[in-house]
Amino acid sequence: MAVTVRIPTALRRVTQGQGEVTVEASNIAQLIDALEKEFPGMKERLVDENGEIRKFVNFFVNDEDIRFLQGKDTPLKDGDVVAIIPAIAGGNK
Amino acid sequence: MSFQFTEEQIKRYSRHIILPEVGGVGQQKLLNAKVLVIGAGGLGSPSIYYLAAAGVGTIGIVDFDVVDFSNLQRQILHNTSRVGVPKVESAKMTVEALNPDVKVIAYNKKLDKSNVLDIIKDFDIVLDGSDNFPTRFLVNDACYMLGKPLVSAAILRFEGQLTVFDYRNKETSPCYRCLIPEPPPPGLVPSCQEAGLLGVVGGIMGTLQANEALKLILGIGEPLVGKLLVFDALKTEFRTVKFRKNPKCELCGENPTIKDLIEYEQACEVRF
């Protein structure tokens, strides 16, 4: 399944500046592995040492939060758009 | 209905008053409103400036920092002659010069467990423009406990995020912890000045924060509740994703475990 992934600005160093990449994956867990294969270093930023998606990183499939779908097992189909949105806190300094 | 506007006020607010959605009634609501802004920095500067211009009658400003040269690339409430002056004082001077109708309440202090509830309780709406996760969680939890709507924005590099938590409707509105259950551990998210920021991103997101605040005060339009707006300055794109109230949320879920305010450790290293 060819899926479009939107990369947040905070992670674009890992993707050599690309804001949107396409990977083959049929669920979110596979998508994370596919990203890691193409852009080493991506996985550790997205999942913790137990393999769980980090709590401050949100994944949205076609604009729906995967927490309310099937989490890491959320199925993906051709043409789906996955947005990765980590929490940011800047504002003042 | 008659209003107690002065001649000057009628002129000053004429572009509001002629809008049917605002009118004299709406302008009076703005003048009566009390808005608290956390941080007089990159986000607080534009939000405070526009709220003041709009005639929001009472604006509270919380910040414990002083103006630094490195702030002036984006923090438009301050200027070169104010370097070294407490930000809340500088902000107050700028606001008072713009609009004498606005009463500024300056809190030159760091928010913590002991003062946050007391500071927030007398305001109608809170805008969070702070620069760190511990403050954001503290402000969120306090707003939730007090039932105050929270307009939350954050900026980093070329990206901005915005959402509204409407704690007047706790049963339906998701909370900050539904989106981010707990702060990132130190070292995993750049949250401080080392990460850099295109100044205008603060201008855009802070102005959008003011827009949400004005809508809440006026009771018009649809507040950005349950939606996260993400702005990408490099592509000039706004995208909105949806999120919901998490039944397992530790603050607002079915079996909440957080009953008291929590002070987290500051996490401030660059990793991404």
# chains A, B, ... in the order shown; residues from 1 in each chain; ligands from 1
>>> interface_residues(of="chain A", to="chain B", cutoff="9 Å", atoms="only C-alpha atoms", output="ChimeraX atom specification")
/A:8-14,19,45,54-58,60,62-65,67-68,83,85-93
>>> select_by_dssp(residues="segment 27-197 of chain B", states="strand (DSSP E or B)", output="number ranges by chain")
B: 34-38, 58-62, 66, 86, 103-107, 125-128, 150-157, 159-165, 197
>>> residues_around(residues="segment 212-225 of chain B", least_positions_apart="6", cutoff="6 Å", atoms="only C-alpha atoms", output="JSON, numbers by chain")
{"B": [26, 163, 164, 165]}
>>> closest_residue(among="A:Ser26, A:Val21, A:Arg6, A:Glu38", to="Lys77 of chain A", atoms="only C-alpha atoms")
A:Ser26
>>> atom_distance(atom1="atom CA of Asp78 of chain A", atom2="atom CA of Val3 of chain A")
5.9 Å
>>> atom_distance(atom1="atom CA of Ser173 of chain B", atom2="atom CA of Ile125 of chain B")
15.0 Å
>>> atom_distance(atom1="atom CA of Gly23 of chain B", atom2="atom CA of Asn169 of chain B")
26.5 Å
>>> residues_around(residues="Leu72 of chain B", least_positions_apart="5", cutoff="10 Å", atoms="only C-alpha atoms", output="MDAnalysis selection string")
chainID B and resid 41:42 67 77:80 82:83 199
>>> select_by_dssp(residues="segment 94-191 of chain B", states="helix (DSSP H, G or I)", output="MDAnalysis selection string")
chainID B and resid 94:98 116:120 133:146 167:169 176:179
>>> write_last_selection(atoms="N, CA, C and O atoms", output="tab-separated table (two decimals), in the first residue's frame")
chain	number	residue	atom	x	y	z
B	94	THR	N	3.37	49.22	26.29
B	94	THR	CA	2.97	49.20	24.88
B	94	THR	C	1.44	49.17	24.77
B	94	THR	O	0.85	49.89	23.95
B	95	VAL	N	0.82	48.36	25.60
B	95	VAL	CA	-0.65	48.25	25.56
B	95	VAL	C	-1.30	49.57	25.95
B	95	VAL	O	-2.24	50.04	25.30
B	96	GLU	N	-0.79	50.19	27.00
B	96	GLU	CA	-1.41	51.44	27.47
B	96	GLU	C	-1.25	52.56	26.45
B	96	GLU	O	-2.11	53.43	26.33
B	97	ALA	N	-0.13	52.52	25.71
B	97	ALA	CA	0.05	53.53	24.66
B	97	ALA	C	-0.92	53.30	23.51
B	97	ALA	O	-1.34	54.25	22.84
B	98	LEU	N	-1.26	52.04	23.27
B	98	LEU	CA	-2.19	51.73	22.18
B	98	LEU	C	-3.62	52.05	22.56
B	98	LEU	O	-4.36	52.65	21.78
B	116	VAL	N	-0.94	29.35	40.62
B	116	VAL	CA	-1.62	29.32	39.30
B	116	VAL	C	-3.15	29.43	39.42
B	116	VAL	O	-3.79	30.16	38.66
B	117	LEU	N	-3.74	28.74	40.40
B	117	LEU	CA	-5.19	28.77	40.52
B	117	LEU	C	-5.67	30.17	40.91
B	117	LEU	O	-6.66	30.68	40.38
B	118	ASP	N	-4.92	30.77	41.81
B	118	ASP	CA	-5.28	32.09	42.30
B	118	ASP	C	-5.20	33.14	41.18
B	118	ASP	O	-6.03	34.05	41.10
B	119	ILE	N	-4.20	33.00	40.30
B	119	ILE	CA	-4.05	33.97	39.21
B	119	ILE	C	-5.15	33.77	38.16
B	119	ILE	O	-5.75	34.73	37.68
B	120	ILE	N	-5.43	32.53	37.83
B	120	ILE	CA	-6.39	32.25	36.74
B	120	ILE	C	-7.83	32.52	37.15
B	120	ILE	O	-8.67	32.92	36.33
B	133	PHE	N	6.95	22.66	28.46
B	133	PHE	CA	5.89	21.70	28.78
B	133	PHE	C	5.42	21.77	30.23
B	133	PHE	O	4.21	21.70	30.48
B	134	PRO	N	6.31	21.90	31.22
B	134	PRO	CA	5.80	21.95	32.60
B	134	PRO	C	4.75	23.05	32.80
B	134	PRO	O	3.71	22.81	33.43
B	135	THR	N	5.00	24.24	32.24
B	135	THR	CA	4.01	25.31	32.37
B	135	THR	C	2.73	24.96	31.64
B	135	THR	O	1.62	25.20	32.14
B	136	ARG	N	2.86	24.37	30.46
B	136	ARG	CA	1.66	24.03	29.69
B	136	ARG	C	0.77	23.02	30.43
B	136	ARG	O	-0.45	23.15	30.42
B	137	PHE	N	1.39	22.02	31.06
B	137	PHE	CA	0.59	21.05	31.81
B	137	PHE	C	-0.03	21.69	33.05
B	137	PHE	O	-1.19	21.43	33.39
B	138	LEU	N	0.74	22.53	33.70
B	138	LEU	CA	0.23	23.21	34.90
B	138	LEU	C	-0.96	24.10	34.55
B	138	LEU	O	-2.01	24.06	35.22
B	139	VAL	N	-0.82	24.87	33.48
B	139	VAL	CA	-1.89	25.78	33.06
B	139	VAL	C	-3.11	24.98	32.62
B	139	VAL	O	-4.26	25.30	32.94
B	140	ASN	N	-2.86	23.90	31.87
B	140	ASN	CA	-3.98	23.07	31.42
B	140	ASN	C	-4.76	22.51	32.60
B	140	ASN	O	-5.99	22.61	32.65
B	141	ASP	N	-4.04	21.92	33.53
B	141	ASP	CA	-4.73	21.28	34.65
B	141	ASP	C	-5.49	22.31	35.48
B	141	ASP	O	-6.62	22.06	35.93
B	142	ALA	N	-4.88	23.48	35.66
B	142	ALA	CA	-5.53	24.53	36.44
B	142	ALA	C	-6.79	25.03	35.72
B	142	ALA	O	-7.84	25.21	36.35
B	143	CYS	N	-6.70	25.23	34.41
B	143	CYS	CA	-7.88	25.69	33.65
B	143	CYS	C	-9.00	24.64	33.71
B	143	CYS	O	-10.17	24.98	33.85
B	144	TYR	N	-8.60	23.38	33.61
B	144	TYR	CA	-9.60	22.30	33.70
B	144	TYR	C	-10.30	22.34	35.05
B	144	TYR	O	-11.53	22.30	35.14
B	145	MET	N	-9.50	22.44	36.11
B	145	MET	CA	-10.08	22.45	37.46
B	145	MET	C	-11.01	23.63	37.68
B	145	MET	O	-12.01	23.53	38.38
B	146	LEU	N	-10.67	24.76	37.06
B	146	LEU	CA	-11.46	25.98	37.26
B	146	LEU	C	-12.55	26.16	36.20
B	146	LEU	O	-13.35	27.10	36.29
B	167	TYR	N	-13.17	24.28	28.64
B	167	TYR	CA	-13.48	23.62	29.91
B	167	TYR	C	-14.75	24.14	30.57
B	167	TYR	O	-15.07	23.73	31.68
B	168	ARG	N	-15.48	25.00	29.87
B	168	ARG	CA	-16.84	25.31	30.34
B	168	ARG	C	-17.72	24.09	30.05
B	168	ARG	O	-18.78	23.94	30.64
B	169	ASN	N	-17.31	23.28	29.08
B	169	ASN	CA	-18.04	22.06	28.71
B	169	ASN	C	-17.13	20.85	28.90
B	169	ASN	O	-16.70	20.21	27.95
B	176	TYR	N	-5.91	18.95	27.07
B	176	TYR	CA	-4.54	18.90	26.58
B	176	TYR	C	-3.94	17.50	26.77
B	176	TYR	O	-3.20	17.00	25.93
B	177	ARG	N	-4.31	16.86	27.88
B	177	ARG	CA	-3.76	15.54	28.15
B	177	ARG	C	-4.38	14.45	27.27
B	177	ARG	O	-3.83	13.36	27.17
B	178	CYS	N	-5.55	14.74	26.66
B	178	CYS	CA	-6.10	13.78	25.69
B	178	CYS	C	-5.20	13.75	24.45
B	178	CYS	O	-5.10	12.74	23.77
B	179	LEU	N	-4.59	14.88	24.18
B	179	LEU	CA	-3.72	15.01	23.01
B	179	LEU	C	-2.29	14.61	23.37
B	179	LEU	O	-1.60	13.93	22.62
>>> closest_residue(among="B:Ile18, B:Ile10, B:Leu111, B:Val102", to="Ile262 of chain B", atoms="only C-alpha atoms")
B:Leu111
>>> decode(residues="segment 24-59 of chain A", atoms="N, CA, C and O atoms", output="PDB file, in the first residue's frame")
ATOM      1  N   GLU A  24       5.621   2.174   1.584  1.00  0.00           N
ATOM      2  CA  GLU A  24       4.726   1.033   1.435  1.00  0.00           C
ATOM      3  C   GLU A  24       4.463   0.459   2.823  1.00  0.00           C
ATOM      4  O   GLU A  24       5.406   0.077   3.524  1.00  0.00           O
ATOM      5  N   ALA A  25       3.217   0.415   3.231  1.00  0.00           N
ATOM      6  CA  ALA A  25       2.894  -0.150   4.546  1.00  0.00           C
ATOM      7  C   ALA A  25       1.402  -0.451   4.603  1.00  0.00           C
ATOM      8  O   ALA A  25       0.601   0.257   3.992  1.00  0.00           O
ATOM      9  N   SER A  26       1.028  -1.519   5.361  1.00  0.00           N
ATOM     10  CA  SER A  26      -0.400  -1.804   5.460  1.00  0.00           C
ATOM     11  C   SER A  26      -0.949  -1.550   6.867  1.00  0.00           C
ATOM     12  O   SER A  26      -2.122  -1.757   7.130  1.00  0.00           O
ATOM     13  N   ASN A  27      -0.061  -1.130   7.776  1.00  0.00           N
ATOM     14  CA  ASN A  27      -0.556  -0.590   9.049  1.00  0.00           C
ATOM     15  C   ASN A  27       0.493   0.372   9.618  1.00  0.00           C
ATOM     16  O   ASN A  27       1.570   0.525   9.040  1.00  0.00           O
ATOM     17  N   ILE A  28       0.175   0.997  10.749  1.00  0.00           N
ATOM     18  CA  ILE A  28       1.049   2.037  11.295  1.00  0.00           C
ATOM     19  C   ILE A  28       2.400   1.458  11.747  1.00  0.00           C
ATOM     20  O   ILE A  28       3.449   2.051  11.515  1.00  0.00           O
ATOM     21  N   ALA A  29       2.368   0.262  12.359  1.00  0.00           N
ATOM     22  CA  ALA A  29       3.623  -0.351  12.810  1.00  0.00           C
ATOM     23  C   ALA A  29       4.557  -0.573  11.621  1.00  0.00           C
ATOM     24  O   ALA A  29       5.761  -0.284  11.692  1.00  0.00           O
ATOM     25  N   GLN A  30       3.997  -1.069  10.525  1.00  0.00           N
ATOM     26  CA  GLN A  30       4.818  -1.279   9.315  1.00  0.00           C
ATOM     27  C   GLN A  30       5.314   0.050   8.751  1.00  0.00           C
ATOM     28  O   GLN A  30       6.419   0.134   8.211  1.00  0.00           O
ATOM     29  N   LEU A  31       4.471   1.045   8.861  1.00  0.00           N
ATOM     30  CA  LEU A  31       4.854   2.360   8.345  1.00  0.00           C
ATOM     31  C   LEU A  31       6.078   2.900   9.102  1.00  0.00           C
ATOM     32  O   LEU A  31       7.008   3.452   8.501  1.00  0.00           O
ATOM     33  N   ILE A  32       6.083   2.687  10.412  1.00  0.00           N
ATOM     34  CA  ILE A  32       7.218   3.156  11.212  1.00  0.00           C
ATOM     35  C   ILE A  32       8.493   2.407  10.801  1.00  0.00           C
ATOM     36  O   ILE A  32       9.557   3.003  10.628  1.00  0.00           O
ATOM     37  N   ASP A  33       8.365   1.107  10.589  1.00  0.00           N
ATOM     38  CA  ASP A  33       9.532   0.324  10.145  1.00  0.00           C
ATOM     39  C   ASP A  33       9.998   0.762   8.761  1.00  0.00           C
ATOM     40  O   ASP A  33      11.198   0.835   8.492  1.00  0.00           O
ATOM     41  N   ALA A  34       9.042   1.024   7.880  1.00  0.00           N
ATOM     42  CA  ALA A  34       9.399   1.457   6.526  1.00  0.00           C
ATOM     43  C   ALA A  34      10.118   2.809   6.565  1.00  0.00           C
ATOM     44  O   ALA A  34      11.084   3.032   5.821  1.00  0.00           O
ATOM     45  N   LEU A  35       9.660   3.684   7.447  1.00  0.00           N
ATOM     46  CA  LEU A  35      10.324   4.995   7.588  1.00  0.00           C
ATOM     47  C   LEU A  35      11.749   4.807   8.097  1.00  0.00           C
ATOM     48  O   LEU A  35      12.689   5.438   7.618  1.00  0.00           O
ATOM     49  N   GLU A  36      11.901   3.903   9.078  1.00  0.00           N
ATOM     50  CA  GLU A  36      13.217   3.661   9.664  1.00  0.00           C
ATOM     51  C   GLU A  36      14.189   3.129   8.608  1.00  0.00           C
ATOM     52  O   GLU A  36      15.357   3.510   8.571  1.00  0.00           O
ATOM     53  N   LYS A  37      13.676   2.257   7.740  1.00  0.00           N
ATOM     54  CA  LYS A  37      14.521   1.657   6.700  1.00  0.00           C
ATOM     55  C   LYS A  37      15.042   2.753   5.757  1.00  0.00           C
ATOM     56  O   LYS A  37      16.206   2.782   5.392  1.00  0.00           O
ATOM     57  N   GLU A  38      14.148   3.646   5.409  1.00  0.00           N
ATOM     58  CA  GLU A  38      14.535   4.694   4.466  1.00  0.00           C
ATOM     59  C   GLU A  38      15.286   5.845   5.145  1.00  0.00           C
ATOM     60  O   GLU A  38      16.183   6.441   4.554  1.00  0.00           O
ATOM     61  N   PHE A  39      14.898   6.125   6.385  1.00  0.00           N
ATOM     62  CA  PHE A  39      15.499   7.258   7.114  1.00  0.00           C
ATOM     63  C   PHE A  39      15.943   6.790   8.497  1.00  0.00           C
ATOM     64  O   PHE A  39      15.222   6.978   9.479  1.00  0.00           O
ATOM     65  N   PRO A  40      17.118   6.176   8.567  1.00  0.00           N
ATOM     66  CA  PRO A  40      17.561   5.626   9.856  1.00  0.00           C
ATOM     67  C   PRO A  40      17.558   6.700  10.951  1.00  0.00           C
ATOM     68  O   PRO A  40      17.965   7.838  10.717  1.00  0.00           O
ATOM     69  N   GLY A  41      17.087   6.297  12.115  1.00  0.00           N
ATOM     70  CA  GLY A  41      17.004   7.243  13.226  1.00  0.00           C
ATOM     71  C   GLY A  41      15.575   7.698  13.476  1.00  0.00           C
ATOM     72  O   GLY A  41      15.252   8.270  14.516  1.00  0.00           O
ATOM     73  N   MET A  42      14.698   7.412  12.513  1.00  0.00           N
ATOM     74  CA  MET A  42      13.317   7.855  12.651  1.00  0.00           C
ATOM     75  C   MET A  42      12.589   7.099  13.760  1.00  0.00           C
ATOM     76  O   MET A  42      11.868   7.690  14.561  1.00  0.00           O
ATOM     77  N   LYS A  43      12.813   5.780  13.809  1.00  0.00           N
ATOM     78  CA  LYS A  43      12.009   4.946  14.710  1.00  0.00           C
ATOM     79  C   LYS A  43      12.162   5.352  16.174  1.00  0.00           C
ATOM     80  O   LYS A  43      11.176   5.455  16.900  1.00  0.00           O
ATOM     81  N   GLU A  44      13.414   5.564  16.595  1.00  0.00           N
ATOM     82  CA  GLU A  44      13.620   5.864  18.018  1.00  0.00           C
ATOM     83  C   GLU A  44      12.958   7.189  18.409  1.00  0.00           C
ATOM     84  O   GLU A  44      12.677   7.439  19.570  1.00  0.00           O
ATOM     85  N   ARG A  45      12.726   8.042  17.419  1.00  0.00           N
ATOM     86  CA  ARG A  45      12.044   9.299  17.724  1.00  0.00           C
ATOM     87  C   ARG A  45      10.540   9.097  17.860  1.00  0.00           C
ATOM     88  O   ARG A  45       9.844   9.924  18.443  1.00  0.00           O
ATOM     89  N   LEU A  46      10.042   8.015  17.282  1.00  0.00           N
ATOM     90  CA  LEU A  46       8.596   7.797  17.255  1.00  0.00           C
ATOM     91  C   LEU A  46       8.110   6.788  18.290  1.00  0.00           C
ATOM     92  O   LEU A  46       6.972   6.879  18.747  1.00  0.00           O
ATOM     93  N   VAL A  47       8.963   5.808  18.610  1.00  0.00           N
ATOM     94  CA  VAL A  47       8.529   4.787  19.574  1.00  0.00           C
ATOM     95  C   VAL A  47       9.528   4.698  20.727  1.00  0.00           C
ATOM     96  O   VAL A  47      10.696   5.049  20.574  1.00  0.00           O
ATOM     97  N   ASP A  48       9.050   4.234  21.867  1.00  0.00           N
ATOM     98  CA  ASP A  48       9.927   4.129  23.036  1.00  0.00           C
ATOM     99  C   ASP A  48      10.648   2.773  23.056  1.00  0.00           C
ATOM    100  O   ASP A  48      10.492   1.961  22.133  1.00  0.00           O
ATOM    101  N   GLU A  49      11.394   2.532  24.125  1.00  0.00           N
ATOM    102  CA  GLU A  49      12.201   1.307  24.193  1.00  0.00           C
ATOM    103  C   GLU A  49      11.352   0.027  24.214  1.00  0.00           C
ATOM    104  O   GLU A  49      11.822  -1.046  23.878  1.00  0.00           O
ATOM    105  N   ASN A  50      10.059   0.181  24.569  1.00  0.00           N
ATOM    106  CA  ASN A  50       9.172  -0.980  24.568  1.00  0.00           C
ATOM    107  C   ASN A  50       8.421  -1.141  23.248  1.00  0.00           C
ATOM    108  O   ASN A  50       7.531  -1.987  23.130  1.00  0.00           O
ATOM    109  N   GLY A  51       8.749  -0.295  22.302  1.00  0.00           N
ATOM    110  CA  GLY A  51       8.092  -0.410  20.998  1.00  0.00           C
ATOM    111  C   GLY A  51       6.744   0.296  20.924  1.00  0.00           C
ATOM    112  O   GLY A  51       6.038   0.200  19.922  1.00  0.00           O
ATOM    113  N   GLU A  52       6.392   1.001  21.990  1.00  0.00           N
ATOM    114  CA  GLU A  52       5.106   1.730  21.977  1.00  0.00           C
ATOM    115  C   GLU A  52       5.316   3.132  21.405  1.00  0.00           C
ATOM    116  O   GLU A  52       6.366   3.746  21.618  1.00  0.00           O
ATOM    117  N   ILE A  53       4.295   3.620  20.727  1.00  0.00           N
ATOM    118  CA  ILE A  53       4.388   4.974  20.184  1.00  0.00           C
ATOM    119  C   ILE A  53       4.510   5.961  21.339  1.00  0.00           C
ATOM    120  O   ILE A  53       3.778   5.873  22.333  1.00  0.00           O
ATOM    121  N   ARG A  54       5.486   6.863  21.222  1.00  0.00           N
ATOM    122  CA  ARG A  54       5.724   7.821  22.294  1.00  0.00           C
ATOM    123  C   ARG A  54       4.466   8.658  22.544  1.00  0.00           C
ATOM    124  O   ARG A  54       3.768   9.035  21.608  1.00  0.00           O
ATOM    125  N   LYS A  55       4.246   8.962  23.827  1.00  0.00           N
ATOM    126  CA  LYS A  55       2.974   9.593  24.195  1.00  0.00           C
ATOM    127  C   LYS A  55       2.838  11.016  23.684  1.00  0.00           C
ATOM    128  O   LYS A  55       1.729  11.538  23.603  1.00  0.00           O
ATOM    129  N   PHE A  56       3.950  11.654  23.370  1.00  0.00           N
ATOM    130  CA  PHE A  56       3.854  13.031  22.885  1.00  0.00           C
ATOM    131  C   PHE A  56       3.911  13.103  21.365  1.00  0.00           C
ATOM    132  O   PHE A  56       3.982  14.181  20.800  1.00  0.00           O
ATOM    133  N   VAL A  57       3.880  11.920  20.715  1.00  0.00           N
ATOM    134  CA  VAL A  57       3.838  11.897  19.248  1.00  0.00           C
ATOM    135  C   VAL A  57       2.471  11.378  18.825  1.00  0.00           C
ATOM    136  O   VAL A  57       2.052  10.298  19.241  1.00  0.00           O
ATOM    137  N   ASN A  58       1.769  12.163  18.036  1.00  0.00           N
ATOM    138  CA  ASN A  58       0.444  11.754  17.577  1.00  0.00           C
ATOM    139  C   ASN A  58       0.476  11.397  16.097  1.00  0.00           C
ATOM    140  O   ASN A  58       1.119  12.078  15.301  1.00  0.00           O
ATOM    141  N   PHE A  59      -0.228  10.319  15.771  1.00  0.00           N
ATOM    142  CA  PHE A  59      -0.385   9.900  14.376  1.00  0.00           C
ATOM    143  C   PHE A  59      -1.850  10.097  13.985  1.00  0.00           C
ATOM    144  O   PHE A  59      -2.758   9.722  14.744  1.00  0.00           O
TER     145      PHE A  59
END
